[in-house]
Amino acid sequence: MSRDSTTVIQLPAPLDASVRVATPRANCVSDPPSRPLGPIKLCHFSTVHTELKSRTFHRQCLPLAAAGFGIRYVSPVALEGSWDGIEFIPQPRGKGLFSRLLALPSLLRGLRAQGADVYHFQDTELLPLAFILKMLDRRRVIYDAYEDFPSMALSHRRIPRLLRPFAAKMIAAIERLAAHCFDGIITADPFTMRRFAHTGKSAKLVFHNFPNLEFFPPPDLLGPKPYDLMYRGGLSVRAGTFVLLDALRLLADQGRRLRLSLIGYFDSPADKSIFLDRIRVLGLDSQVTITGRIPHEAMAQALSGARIGISPLQDVPKFRLNLPVKVFEYWACGLPVIASDLPPMRPYFQNVRGGLLFPPGDALRLSRAIAWMLDHAADASEMGRHGRDAIVSRFNNECEVRRLRDFCQRIAAIP
């Protein structure tokens, strides 16, 4: 096969020796806490997320609660009371950044009342409040930098273009201060951890967004496949979904009228209008189905409704660092995957042998990779089995949670 449709089978070296202290250990064993502890009370707090996020809730809080942690979930999520061992403390839903900032004093009082052993948060806008919790109240604080926020600022459309480099530098500087002040720093990948690994004395942990197998049963239990192609995530230029539409049009011109399921969200109503116009211009209305955000509990069933998973991310700063969650979820559902050839995923494809890589932004090469998989159904199915086996044996949430549990215990045990 040509380069654009060749499976990569060479086994990789370790992902990054320079940050190996923050990457998973093969046996999932961590150092014990410095003193014996009883049940730990962890408080996760947010002002932004009005829905249960799969990382914080399904991959972190639920498993920690099952492990005996007392979890308090302080957020604008419309839930109250106890559920699956997690106590929900609802917060007002701010209509914008300014209203959320005005609500911070009330949130601070509420957090103090929790009396938690460890406080855990993700929102960058909560960094000032977290500094108060740490510096004035002497609380133990963990900052979960689950995205590379400085690189995101460089392309954030709500920030004026001329101010984006300054905003990126400011966020990076504040995060460096967090690494000096807070007790723990978590990232979702070793590439983002590079900025923190040798900064400050805070404990460091890479907690990968690998699937929680409680929500991803064996593929043969998940039903029929009405779609040929599946994409889940942001529907935008940077996510490569316009490239995917162009590839679908190229395949239609060859007589392959494939069904594509898009599960995701738009950055704005204007972006949605542009995307729908593009579908109409390309004549793909009958081939494309768009579904909005769905509960994480329904994700496996939805993703399994296709034969091939697609991750067409563009070559932008954010995606040169972050691991796309969608790829691991496709593999968890037994799907072969076609993904952009970007540094974070390259070692996984070499190891797993679960799909094909194509040059980012190249609709022709993407269309050829799709055609190859469709024409080699047995090989594609084997790739899907490799992917599922890799998730079950290595790249799943169980090992990550063990390390997170021990990480929180060590922080709670700090004198």
# chains A, B, ... in the order shown; residues from 1 in each chain; ligands from 1

$ select_by_dssp --residues "segment 283-396 of chain A" --states "strand (DSSP E)" --output "PyMOL selection string"
chain A and resi 288-291+306-311+337-340+355-358

$ write_last_selection --atoms "C-alpha atoms" --output "PDB file, in the first residue's frame"
ATOM      1  CA  VAL A 288     -24.834  13.153   7.126  1.00  0.00           C
ATOM      2  CA  THR A 289     -26.629  12.875  10.466  1.00  0.00           C
ATOM      3  CA  ILE A 290     -25.781  15.396  13.192  1.00  0.00           C
ATOM      4  CA  THR A 291     -26.490  14.646  16.840  1.00  0.00           C
ATOM      5  CA  ALA A 306     -20.587   2.790  12.690  1.00  0.00           C
ATOM      6  CA  ARG A 307     -17.936   0.698  10.978  1.00  0.00           C
ATOM      7  CA  ILE A 308     -15.042   3.206  11.135  1.00  0.00           C
ATOM      8  CA  GLY A 309     -14.086   5.940  13.620  1.00  0.00           C
ATOM      9  CA  ILE A 310     -12.567   9.164  12.254  1.00  0.00           C
ATOM     10  CA  SER A 311     -10.299  11.687  14.026  1.00  0.00           C
ATOM     11  CA  VAL A 337      -9.702   4.265  13.406  1.00  0.00           C
ATOM     12  CA  ILE A 338      -8.451   6.680  10.773  1.00  0.00           C
ATOM     13  CA  ALA A 339      -6.694   9.639  12.396  1.00  0.00           C
ATOM     14  CA  SER A 340      -4.546  12.632  11.542  1.00  0.00           C
ATOM     15  CA  GLY A 355      -5.956   1.884  12.237  1.00  0.00           C
ATOM     16  CA  LEU A 356      -4.470   4.217   9.644  1.00  0.00           C
ATOM     17  CA  LEU A 357      -2.875   7.644   9.808  1.00  0.00           C
ATOM     18  CA  PHE A 358      -3.221  10.349   7.144  1.00  0.00           C
TER      19      PHE A 358
END

$ residues_around --residues "segment 42-44 of chain A" --least-positions-apart "3" --cutoff "9 Å" --atoms "only C-alpha atoms" --output "number ranges by chain"
A: 56, 61, 69-75, 111, 114-122, 408

$ closest_residue --among "A:Ile40, A:Met383, A:Val325, A:Leu303" --to "Gly234 of chain A" --atoms "only C-alpha atoms"
A:Val325

$ residues_around --residues "Ile186 of chain A" --least-positions-apart "5" --cutoff "9 Å" --atoms "only C-alpha atoms" --output "ChimeraX atom specification"
/A:22,142-146,193,203-207

$ atom_distance --atom1 "atom CA of Leu260 of chain A" --atom2 "atom CA of Leu276 of chain A"
13.9 Å

$ residues_around --residues "Asn322 of chain A" --least-positions-apart "6" --cutoff "8 Å" --atoms "only C-alpha atoms" --output "JSON, numbers by chain"
{"A": [147, 148, 188, 189, 191, 192, 344]}

$ write_last_selection --atoms "C-alpha atoms" --output "tab-separated table (two decimals), in the first residue's frame"
chain	number	residue	atom	x	y	z
A	147	GLU	CA	-6.04	20.97	28.30
A	148	ASP	CA	-3.04	22.98	27.16
A	188	ALA	CA	-4.29	14.63	30.59
A	189	ASP	CA	-1.14	13.83	28.59
A	191	PHE	CA	3.10	16.53	26.38
A	192	THR	CA	1.21	19.11	28.44
A	344	PRO	CA	0.62	12.62	20.39
